[in-house]
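S.K.: Have a look at this one.
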2 protein chains.
Amino acid sequence: LDYQHVQVPFEITLWIMLASLAKIGFHLYNKLPSVVPESCLLIFVGLIMGGIIYGLNDRSPPVMDSDIFFLYLLPPIVLDAGYFMPSRPFFENIGTILLYAVVGTIWNVFGIGFSLYGICQVKAFQLQDVSLLHNLLFGSLIAAVDPVAVLAVFEEIHVNEKLHILVFGESLLNDAVTVVLYKLFRSFCEMSTIKSVDVFAGVGKFFVVGLGGVLVGLSFGFTAAFTTRFTKDIRVIEPLFVFLYSYLSYLTAEMFHLSGIVAIISCAMGMKRYVEANISLKSHTTVKYFMKMWSSVSDTLIFIFLGVSTIGENHEWNWPYICFTVIFCLIWRALGVLVLTFFVNRFHVNTITSKDQFIIAYGGLRGAICFSLVFLLPDFHRKKLFIAATTVVILFTVFVQGMTIRPLVDLLAVKRKRESAPTVGEQIHIRFLDHLLAGIEDISGHWGQYYWKDKLEYFNSKYLQKILLREYDQPKSSIVLLYEKLERKHAIELAQAGQLGHGPAHPSFLGSAFLCSTGDRTVITDQKLEDTPNPDVLDNMQEILARNLYRIRRTGPAYNRHTLPGDSEPTERAKEILILRHKSL
Amino acid sequence: LDYQHVQVPFEITLWIMLASLAKIGFHLYNKLPSVVPESCLLIFVGLIMGGIIYGLNDRSPPVMDSDIFFLYLLPPIVLDAGYFMPSRPFFENIGTILLYAVVGTIWNVFGIGFSLYGICQVKAFQLQDVSLLHNLLFGSLIAAVDPVAVLAVFEEIHVNEKLHILVFGESLLNDAVTVVLYKLFRSFCEMSTIKSVDVFAGVGKFFVVGLGGVLVGLSFGFTAAFTTRFTKDIRVIEPLFVFLYSYLSYLTAEMFHLSGIVAIISCAMGMKRYVEANISLKSHTTVKYFMKMWSSVSDTLIFIFLGVSTIGENHEWNWPYICFTVIFCLIWRALGVLVLTFFVNRFHVNTITSKDQFIIAYGGLRGAICFSLVFLLPDFHRKKLFIAATTVVILFTVFVQGMTIRPLVDLLAVKRKRESAPTVGEQIHIRFLDHLLAGIEDISGHWGQYYWKDKLEYFNSKYLQKILLREYDQPKSSIVLLYEKLERKHAIELAQAGQLGHGPAHPSFLGSAFLCSTGDRTVITDQKLEDTPNPDVLDNMQEILARNLYRIRRTGPAYNRHTLPGDSEPTERAKEILILRHKSL
């Protein structure tokens with residue numbers, strides 16, 4: 001027997017196996033996951049395992065290594081979150097999300113830090129030796145809402161899209177603020193005197209850390225997209241690039257002390273669109289599936305380790321401090337959400353209702369990030385107190401808030417997510433309104449989100465797509481082929497009938513889009529022997545519509561500041577159709 | 001900048017990235033891969049990189065760590081090989097493969113060892129201090145044909161299936177022999193006196209190491225299949241189990257000093273069939289894709305590292321010894337193949353032609369396994385000579401033999417692999433002949449491979465499938481659904497017409513199988529807008545046929561020693577059809 005030799009991979013594999021088997025176990029009883037969130041159950045498994053290890057060895061079980069957490073367990077989850085982020089609601093609410101993430105987190109850090117300092121002044125609690133700086137440092141790590149915990153709970157309660165993106169987006173983007181404040185206070189703790197210059201430098205760092213993360217992420221994302229242009233002959237390593245580049249973006253950001261989470265999210269959001277178009281359908285299935293699988297395993301491991309690490313003798317149980325920490329976390333978050341939402345609602349038509357505000361405040365779960373940060377603290381005599389307080393806050397938020405949020409959502413009748421995907425008709429109307437609003441903003445000179453979205457789309461189709469896509473508008477599946485065939489046929493018919501002019505571009509494209517959707521249904525019926533179209537095909541259709549409805553605006557005689565109606569475009573179109581007719585003859 | 005913190009994952013990611021980019025680079029020029037095998041190009045890249053590192057640092061670049069190779073790089077490749085192993089040709093030629101792998105390898109080890117010892121006696125070469133045991137030890141590591149190198153070359157030259165499986169199967173299964181001989185000689189080197197008991201124990205170990213590997217692999221494989229019975233509600237972690245269990249089988253075998261390669265191959269071959277039936281189609285795509293991707297990356301890394309490790313000052317260039325090693329490797333392999341094939345051909349109708357024998361002998365490439373084994377040798381004064389000789393043998397076989405084997409295959413007009421998959425008609429005839437031969441063997445009392453195959457199939461459907469499959473004969477895709485629908489319809493028609501008896505089972509099943517194949521074509525035509533059926537659908541069809549043609553034999557009034565014709569089966573069938581009719585009304 002030679003266990004030494006295989007120990008490392010063997011134990012890692014066994015842990016992953018345990019996590020996966022635990023997951024299977026929960027889902028065998030259908031009632032269990034519907035009452036208790038999976039995260040609670042996993043922590044519970046971890047607690048039991050920790051207890052067993054503690055009982056057998058008579059010493060504290062190993063705590064989760066912060067390096068392992070930040071380098072190996074966190075990136076897959078954040079990558080998955082970024083890659084599958086619904087970009088429309090995210091960018092529609094980006095202002096509110098940033099407000100919550102930046103101002104809200106700062107508010108919480110200072111609120112919790114100063115009020116805990118107040119508690120420390122009460123002589124009966126024997127906490128006078130905890131300085132203001134240490135309290136602020138503790139505030140900076142305990143204030144951050146945790147994306148892993150939020151995702152685990154909110155994925156199961158299906159609240160409406162806006163509410164979901166507000167809580168989840170905040171939990172992701174507050175990373176930049178947390179990183180800066182945490183490192184700032186930690187270095188202040190080690191300095192003898194603090195100059196006002198240092199404080200200003202700290203404020204400046206916010207922008208460097210956040211925007212730097214975005215820049216690193218986007219550059220890696222675009223490089224990834226560019227690389228997948230050349231993988232046509234070796235399809236089999238395509239999925240690799242998605243993972244390699246996003247992981248590199250995370251590591252690079254961490255290396256330069258930027259926000260790794262922000263970097264990997266920007267990388268994933270930046271590359272998704274182009275990578276999807278470049279790689280084969282099977283590669284894409286693999287990417288999606290593997291990402292989900294990986295993040296699910298990481299997530300499971302994190303919660304189990306959280307449970308295991310809780311057992312042991314790392315804690316100093318000063319209950320007044322711990323209880324006040326929990327109370328202040330709740331109070332300051334509730335106050336912050338109330339005040340910030342008041343300002344947000346003054347500038348928006350779609351206001352955030354008081355029910356939504358309650359769920360936002362209540363959904364501020366803490367998780368493994370706080371836990372890893374508290375273990376990364378430099379050694380000082382009250383570290384064990386901070387560890388104990390962090391553990392209790394995490395367990396309280398995950399267990400009490402996580403388990404009661406679903407009944408509360410039911411009780412308050414919070415607006416739920418709509419179950420069905422929008423119909424093709426709705427899609428068309430949403431797109432139409434987008435263009436209308438972009439036009440109105442353009443005319444009125446108010447540069448709002450629609451204007452910028454439109455400009456970005458223009459930049460994308462004019463430059464980015466040409467560099468990053470292997471084949472411009474490359475067809476991906478049979479449905480796209482069918483659509484293009486119909487489109488060509490229709491165009492040739494129009495050309496032969498001599499009806500091609502300025503006007504009928506819209507009906508032509510819309511017509512073929514509808515034709516396509518009807519055509520789809522017959523194909524699907526044959527293929528599946530059922531009546532409902534499968535979601536993949538619907539996704540594809542909606543993508544086609546999204547892409548081509550933009551093209552209508554570009555090619556049609558829409559109002560445009562820079563060109564006159566009836567510019568060079570119709571002649572180009574005619575030329576294209578001539579080529580097509582030539583091919584077909 | 002904090003490079004220390006992210007160093008390990010960052011450098012691993014960069015190496016993988018380099019390997020992937022190198023792969024992309026080669027495939028950009030279509031002519032390059034068709035002349036030079038990829039393995040040669042990758043070693044060349046490694047040589048250049050090693051040269052750069054050597055030039056910049058002025059010291060030897062790091063050699064490939066044997067642990068990294070055996071624990072992380074080799075398993076994915078072997079798993080891929082085992083999972084996609086064509087089981088029919090493999091089991092048809094298992095006897096020949098085992099003969100080459102066991103007897104052939106022993107022949108080579110002793111042949112090379114003794115003749116090198118003879119060379120060492122020549123005074124002019126200054127090698128008198130290399131003992132016989134050291135020569136045998138060196139022989140045991142240099143004799144083993146390398147699966148990674150063989151796969152890399154043979155995948156590109158497309159020789160016929162039998163030739164491919166003979167060389168490739170040998171390279172995989174000789175691992176057990178290599179492990180035993182290598183460890184035996186290494187422990188003999190460290191012993192002061194060798195008793196005859198030790199030699200006999202060594203012979204006994206062959207069986208333990210080989211059969212133990214098979215047992216470990218099969219038990220993990222069946223456990224994997226059993227586990228995937230319960231993953232219905234969490235499809236997303238299904239692919240994980242395939243990887244986890246096969247890796248565990250490898251590690252467990254290594255832990256007990258059994259053959260890890262044999263274990264992982266048995267695991268993959270044992271689980272494949274059941275796992276495929278249990279997991280969803282998308283999970284299976286992910287498994288296949290990821291396996292290919294992973295093995296392809298490992299393979300690339302191995303060859304690059306081989307190149308990098310070649311540069312440096314680890315070598316003792318005693319040219320006579322090195323040249324004679326290359327010559328003896330070639331001669332003994334050629335002789336071994338000739339002698340063994342002479343015996344094989346006496347007992348087989350399908351003989352191995354002399355052209356095939358030449359390619360088998362010539363395709364005995366050495367690779368990274370030899371290289372890792374030579375670095376694992378205990379330190380003694382001639383280790384650097386062995387390293388130099390191994391390096392030269394590997395480079396010679398990979399470059400000279402790897403690059404000339406394709407022209408030689410063309411020149412000799414070796415029978416190539418047929419490009420098209422067998423037609424449905426051919427499939428049916430092959431199956432029919434299988435059953436016929438099994439019946440003949442059964443009657444004549446000669447227990448050959450058909451008899452055992454039939455028994456195994458019976459055991460499988462009687463016991464294994466019931467334990468390991470979630471749903472017995474679970475439908476997997478629309479094509480299977482369609483087939484079942486047609487089958488049911490036909491059965492109900494027969495039942496209504498009162499024709500159900502002993503006779504018409506065959507035409508019924510065959511008829512619907514053909515109906516199915518016709519039905520497929522229409523579906524495919526709609527789906528793809530083309531005339532050629534796509535390979536996935538064809539695979540599915542052939543699987544259906546394979547499965548159901550077995551069932552015909554079971555349910556039809558075939559000759560059977562243990563039951564009389566017209567036993568209980570027709571009543572069961574009638575009952576089933578009654579249930580179906582009930583459902584359809």
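In the structure tokens, each chain is lettered A, B, ... as it comes, each chain's residues begin at 1, and ligands are numbered from 1 in order of appearance.
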Could you name the residues that touch B:Pro378 at 12 Å or less, counting only C-alpha atoms, but leaving out those on the same chain fewer than 6 positions away, as a VMD selection string?

M.R.: chain B and resid 134 137 to 138 182 to 183 185 to 187 189 to 190 384 386

S.K.: Put those residues in a file: all heavy atoms, as a tab-separated table (two decimals), in the first residue's frame.

M.R.:
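out23.tsv, written as the output of this step:
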chain	number	residue	atom	x	y	z
B	134	HIS	N	21.16	-4.29	-14.02
B	134	HIS	CA	20.89	-2.93	-14.48
B	134	HIS	C	20.46	-2.93	-15.94
B	134	HIS	O	19.58	-2.18	-16.35
B	134	HIS	CB	22.12	-2.04	-14.27
B	134	HIS	CG	22.20	-1.48	-12.90
B	134	HIS	ND1	23.29	-1.66	-12.08
B	134	HIS	CD2	21.31	-0.78	-12.17
B	134	HIS	CE1	23.07	-1.08	-10.92
B	134	HIS	NE2	21.87	-0.53	-10.95
B	137	LEU	N	16.93	-4.11	-16.00
B	137	LEU	CA	16.07	-3.03	-15.53
B	137	LEU	C	15.84	-2.02	-16.66
B	137	LEU	O	14.71	-1.60	-16.94
B	137	LEU	CB	16.72	-2.35	-14.33
B	137	LEU	CG	16.00	-1.16	-13.70
B	137	LEU	CD1	14.60	-1.55	-13.28
B	137	LEU	CD2	16.77	-0.65	-12.48
B	138	PHE	N	16.93	-1.67	-17.31
B	138	PHE	CA	16.82	-0.73	-18.44
B	138	PHE	C	15.96	-1.34	-19.55
B	138	PHE	O	15.11	-0.68	-20.14
B	138	PHE	CB	18.21	-0.38	-18.96
B	138	PHE	CG	18.20	0.55	-20.12
B	138	PHE	CD1	17.70	1.83	-19.98
B	138	PHE	CD2	18.66	0.15	-21.36
B	138	PHE	CE1	17.67	2.70	-21.06
B	138	PHE	CE2	18.63	1.01	-22.44
B	138	PHE	CZ	18.13	2.28	-22.29
B	182	TYR	N	9.56	-3.95	-14.10
B	182	TYR	CA	10.32	-2.77	-13.67
B	182	TYR	C	10.51	-2.80	-12.16
B	182	TYR	O	11.63	-2.63	-11.66
B	182	TYR	CB	9.58	-1.51	-14.11
B	182	TYR	CG	10.22	-0.22	-13.69
B	182	TYR	CD1	11.34	0.27	-14.36
B	182	TYR	CD2	9.71	0.53	-12.64
B	182	TYR	CE1	11.92	1.45	-13.99
B	182	TYR	CE2	10.29	1.71	-12.26
B	182	TYR	CZ	11.40	2.18	-12.94
B	182	TYR	OH	11.98	3.35	-12.56
B	183	LYS	N	9.41	-3.05	-11.43
B	183	LYS	CA	9.52	-3.05	-9.96
B	183	LYS	C	10.33	-4.23	-9.46
B	183	LYS	O	11.06	-4.11	-8.48
B	183	LYS	CB	8.12	-3.03	-9.35
B	183	LYS	CG	7.50	-1.66	-9.50
B	183	LYS	CD	6.19	-1.50	-8.83
B	183	LYS	CE	5.70	-0.07	-9.03
B	183	LYS	NZ	4.27	0.06	-8.84
B	185	PHE	N	12.84	-5.82	-11.05
B	185	PHE	CA	14.27	-5.61	-11.26
B	185	PHE	C	14.79	-4.51	-10.36
B	185	PHE	O	15.93	-4.56	-9.91
B	185	PHE	CB	14.55	-5.29	-12.74
B	185	PHE	CG	14.38	-6.47	-13.63
B	185	PHE	CD1	13.64	-6.39	-14.80
B	185	PHE	CD2	14.95	-7.70	-13.32
B	185	PHE	CE1	13.47	-7.47	-15.63
B	185	PHE	CE2	14.79	-8.80	-14.14
B	185	PHE	CZ	14.04	-8.68	-15.29
B	186	ARG	N	13.96	-3.51	-10.10
B	186	ARG	CA	14.42	-2.43	-9.25
B	186	ARG	C	14.66	-2.93	-7.83
B	186	ARG	O	15.63	-2.56	-7.18
B	186	ARG	CB	13.43	-1.27	-9.24
B	186	ARG	CG	14.12	0.06	-9.12
B	186	ARG	CD	13.20	1.22	-9.25
B	186	ARG	NE	12.18	1.22	-8.20
B	186	ARG	CZ	11.34	2.23	-8.01
B	186	ARG	NH1	11.38	3.28	-8.81
B	186	ARG	NH2	10.44	2.19	-7.07
B	187	SER	N	13.74	-3.79	-7.34
B	187	SER	CA	13.94	-4.31	-5.99
B	187	SER	C	15.10	-5.31	-5.98
B	187	SER	O	15.84	-5.38	-4.99
B	187	SER	CB	12.66	-4.95	-5.46
B	187	SER	OG	12.21	-5.94	-6.34
B	189	CYS	N	17.76	-5.00	-7.74
B	189	CYS	CA	18.96	-4.16	-7.73
B	189	CYS	C	19.32	-3.77	-6.30
B	189	CYS	O	20.50	-3.60	-5.97
B	189	CYS	CB	18.76	-2.88	-8.53
B	189	CYS	SG	18.89	-3.12	-10.29
B	190	GLU	N	18.30	-3.57	-5.48
B	190	GLU	CA	18.55	-3.10	-4.11
B	190	GLU	C	18.84	-4.25	-3.15
B	190	GLU	O	19.37	-4.04	-2.07
B	190	GLU	CB	17.36	-2.27	-3.63
B	190	GLU	CG	17.37	-0.87	-4.24
B	190	GLU	CD	16.00	-0.22	-4.26
B	190	GLU	OE1	15.06	-0.79	-3.72
B	190	GLU	OE2	15.90	0.87	-4.85
B	384	LYS	N	22.53	8.61	-15.85
B	384	LYS	CA	22.52	9.59	-16.94
B	384	LYS	C	22.69	8.92	-18.30
B	384	LYS	O	22.21	9.42	-19.32
B	384	LYS	CB	23.62	10.62	-16.72
B	384	LYS	CG	23.26	11.59	-15.61
B	384	LYS	CD	24.21	12.76	-15.55
B	384	LYS	CE	23.69	13.79	-14.57
B	384	LYS	NZ	24.60	14.93	-14.47
B	386	PHE	N	21.48	5.91	-19.01
B	386	PHE	CA	20.16	5.36	-19.32
B	386	PHE	C	19.21	6.45	-19.79
B	386	PHE	O	18.41	6.26	-20.72
B	386	PHE	CB	19.57	4.67	-18.08
B	386	PHE	CG	20.22	3.35	-17.75
B	386	PHE	CD1	19.83	2.64	-16.63
B	386	PHE	CD2	21.20	2.81	-18.58
B	386	PHE	CE1	20.42	1.41	-16.33
B	386	PHE	CE2	21.78	1.59	-18.28
B	386	PHE	CZ	21.40	0.89	-17.16

S.K.: For A:Arg229, list every protein, DNA or RNA residue within 7 Å, evaluated using only C-alpha atoms, and leave out those in the same chain fewer than 3 positions away; present the list as a list in words.

M.R.: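 Skipping anything fewer than 3 positions along the chain leaves Ala225, Phe226, Asn278, Leu468, Leu469 and Arg470 of chain A.
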
S.K.: Find the residue from B:Asp299, B:Glu316, B:Glu238, B:Glu441 that sits nearest to B:Ala277; use only C-alpha atoms when measuring.

M.R.: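 With only C-alpha atoms as the atom set, the closest residue is B:Glu238.
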
S.K.: Pull out every residue of chain B sitting within 8 Å of chain A, counting only C-alpha atoms, and send them as JSON, numbers by chain.

M.R.: {"B": [1, 2, 3, 5, 6, 9, 10, 13, 17, 20, 24, 27, 28, 71, 230, 231, 233, 234, 236, 237, 240, 241, 244, 247, 248, 251, 254, 255, 256, 257, 282, 283, 285, 286, 289, 290, 292, 293, 296, 297, 478, 482, 523, 526, 527, 528, 529]}

S.K.: Save the residues we just selected, N, CA and C atoms, as a compact mmCIF listing (two decimals), in the first residue's frame?

M.R.:
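Once written, out.txt looks like this:
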# COMPACT_ATOMS: atom_id res chain seq x y z
N LEU B 1 2.20 44.29 -7.22
CA LEU B 1 2.23 43.00 -7.92
C LEU B 1 2.48 41.87 -6.92
N ASP B 2 1.64 40.85 -6.96
CA ASP B 2 1.75 39.77 -5.99
C ASP B 2 1.73 38.46 -6.75
N TYR B 3 2.90 38.13 -7.35
CA TYR B 3 2.92 36.98 -8.24
C TYR B 3 2.94 35.66 -7.46
N HIS B 5 1.45 34.69 -4.94
CA HIS B 5 0.14 34.23 -4.51
C HIS B 5 -0.57 33.39 -5.56
N VAL B 6 -0.46 33.80 -6.83
CA VAL B 6 -1.20 33.10 -7.89
C VAL B 6 -0.28 32.20 -8.73
N PRO B 9 -1.45 28.18 -9.96
CA PRO B 9 -2.48 28.07 -11.00
C PRO B 9 -2.17 28.88 -12.25
N PHE B 10 -1.48 30.02 -12.06
CA PHE B 10 -1.17 30.88 -13.21
C PHE B 10 -0.25 30.15 -14.18
N THR B 13 -2.04 27.23 -15.91
CA THR B 13 -2.93 27.74 -16.96
C THR B 13 -2.12 28.20 -18.17
N MET B 17 -2.37 26.83 -21.89
CA MET B 17 -2.66 27.79 -22.95
C MET B 17 -1.64 27.69 -24.08
N SER B 20 -2.36 24.64 -26.10
CA SER B 20 -3.53 24.78 -26.97
C SER B 20 -3.22 25.69 -28.15
N ILE B 24 -3.39 24.98 -32.19
CA ILE B 24 -4.08 25.83 -33.17
C ILE B 24 -3.12 26.23 -34.28
N HIS B 27 -2.57 23.66 -36.98
CA HIS B 27 -3.70 23.38 -37.85
C HIS B 27 -4.06 24.55 -38.75
N LEU B 28 -3.41 25.70 -38.52
CA LEU B 28 -3.67 26.83 -39.40
C LEU B 28 -3.11 26.54 -40.80
N LEU B 71 0.24 10.88 -12.38
CA LEU B 71 -0.99 11.17 -11.64
C LEU B 71 -1.95 12.08 -12.39
N PHE B 230 -29.29 7.50 -10.05
CA PHE B 230 -30.00 8.40 -9.14
C PHE B 230 -29.81 9.87 -9.45
N THR B 231 -29.34 10.18 -10.64
CA THR B 231 -29.01 11.58 -10.93
C THR B 231 -30.10 12.26 -11.75
N ASP B 233 -32.62 14.06 -11.08
CA ASP B 233 -33.03 15.41 -10.72
C ASP B 233 -31.89 16.43 -10.79
N ILE B 234 -30.66 15.95 -10.88
CA ILE B 234 -29.54 16.89 -10.99
C ILE B 234 -28.64 16.45 -12.13
N VAL B 236 -26.96 18.00 -14.01
CA VAL B 236 -25.79 18.81 -14.29
C VAL B 236 -24.50 18.21 -13.73
N ILE B 237 -24.61 17.35 -12.71
CA ILE B 237 -23.37 16.77 -12.18
C ILE B 237 -23.13 15.36 -12.70
N LEU B 240 -19.66 14.45 -14.09
CA LEU B 240 -18.65 14.38 -13.05
C LEU B 240 -18.37 12.97 -12.62
N PHE B 241 -19.40 12.15 -12.49
CA PHE B 241 -19.22 10.81 -11.94
C PHE B 241 -18.36 9.94 -12.85
N LEU B 244 -14.88 11.15 -12.03
CA LEU B 244 -14.45 10.87 -10.66
C LEU B 244 -14.18 9.39 -10.44
N TYR B 247 -11.13 8.09 -12.35
CA TYR B 247 -9.88 8.57 -11.75
C TYR B 247 -9.61 7.84 -10.44
N LEU B 248 -10.66 7.63 -9.67
CA LEU B 248 -10.48 6.90 -8.41
C LEU B 248 -9.99 5.48 -8.67
N LEU B 251 -6.32 5.74 -9.32
CA LEU B 251 -5.54 6.04 -8.11
C LEU B 251 -5.52 4.85 -7.15
N GLU B 254 -3.11 2.30 -8.43
CA GLU B 254 -1.74 2.75 -8.20
C GLU B 254 -1.35 2.59 -6.74
N MET B 255 -2.33 2.86 -5.87
CA MET B 255 -2.08 2.79 -4.44
C MET B 255 -1.70 1.37 -4.04
N PHE B 256 -2.38 0.38 -4.61
CA PHE B 256 -2.08 -1.02 -4.29
C PHE B 256 -1.03 -1.61 -5.22
N HIS B 257 -0.31 -0.78 -5.95
CA HIS B 257 0.73 -1.24 -6.88
C HIS B 257 0.19 -2.16 -7.95
N LYS B 282 -27.40 15.38 -23.37
CA LYS B 282 -26.47 16.52 -23.26
C LYS B 282 -25.32 16.20 -22.34
N SER B 283 -25.62 15.51 -21.25
CA SER B 283 -24.54 15.09 -20.36
C SER B 283 -23.55 14.22 -21.12
N THR B 285 -22.92 14.15 -24.35
CA THR B 285 -22.11 14.99 -25.24
C THR B 285 -20.98 15.64 -24.46
N THR B 286 -21.32 16.15 -23.27
CA THR B 286 -20.30 16.80 -22.45
C THR B 286 -19.21 15.82 -22.06
N TYR B 289 -17.10 15.04 -25.17
CA TYR B 289 -16.35 16.20 -25.60
C TYR B 289 -15.24 16.53 -24.62
N PHE B 290 -15.59 16.48 -23.36
CA PHE B 290 -14.61 16.87 -22.36
C PHE B 290 -13.47 15.87 -22.29
N LYS B 292 -12.35 14.02 -24.74
CA LYS B 292 -11.49 14.25 -25.91
C LYS B 292 -10.61 15.47 -25.68
N MET B 293 -11.24 16.52 -25.14
CA MET B 293 -10.52 17.77 -24.93
C MET B 293 -9.38 17.57 -23.94
N SER B 296 -6.62 15.37 -25.24
CA SER B 296 -5.87 16.08 -26.27
C SER B 296 -4.90 17.08 -25.64
N VAL B 297 -5.35 17.74 -24.57
CA VAL B 297 -4.46 18.69 -23.89
C VAL B 297 -3.33 17.95 -23.19
N SER B 478 -35.48 11.05 -30.00
CA SER B 478 -36.73 10.99 -30.75
C SER B 478 -36.77 9.77 -31.65
N LEU B 482 -39.72 7.12 -31.84
CA LEU B 482 -40.39 6.80 -33.09
C LEU B 482 -40.40 5.30 -33.32
N VAL B 523 -37.47 11.90 -41.45
CA VAL B 523 -37.25 12.87 -40.36
C VAL B 523 -35.99 13.67 -40.62
N ASP B 526 -36.31 16.30 -43.25
CA ASP B 526 -36.93 17.53 -42.76
C ASP B 526 -35.98 18.32 -41.88
N GLN B 527 -35.29 17.56 -41.10
CA GLN B 527 -34.51 18.22 -40.05
C GLN B 527 -33.30 18.93 -40.63
N LYS B 528 -32.64 18.29 -41.53
CA LYS B 528 -31.35 18.79 -41.97
C LYS B 528 -31.40 19.43 -43.35
N LEU B 529 -32.52 19.26 -44.03
CA LEU B 529 -32.64 19.74 -45.41
C LEU B 529 -31.57 19.12 -46.31

S.K.: Residues at most 9 Å from B:Leu218, counting only C-alpha atoms, excluding those fewer than 6 positions away in the same chain, as a ChimeraX atom specification?

M.R.: /B:249,263-271
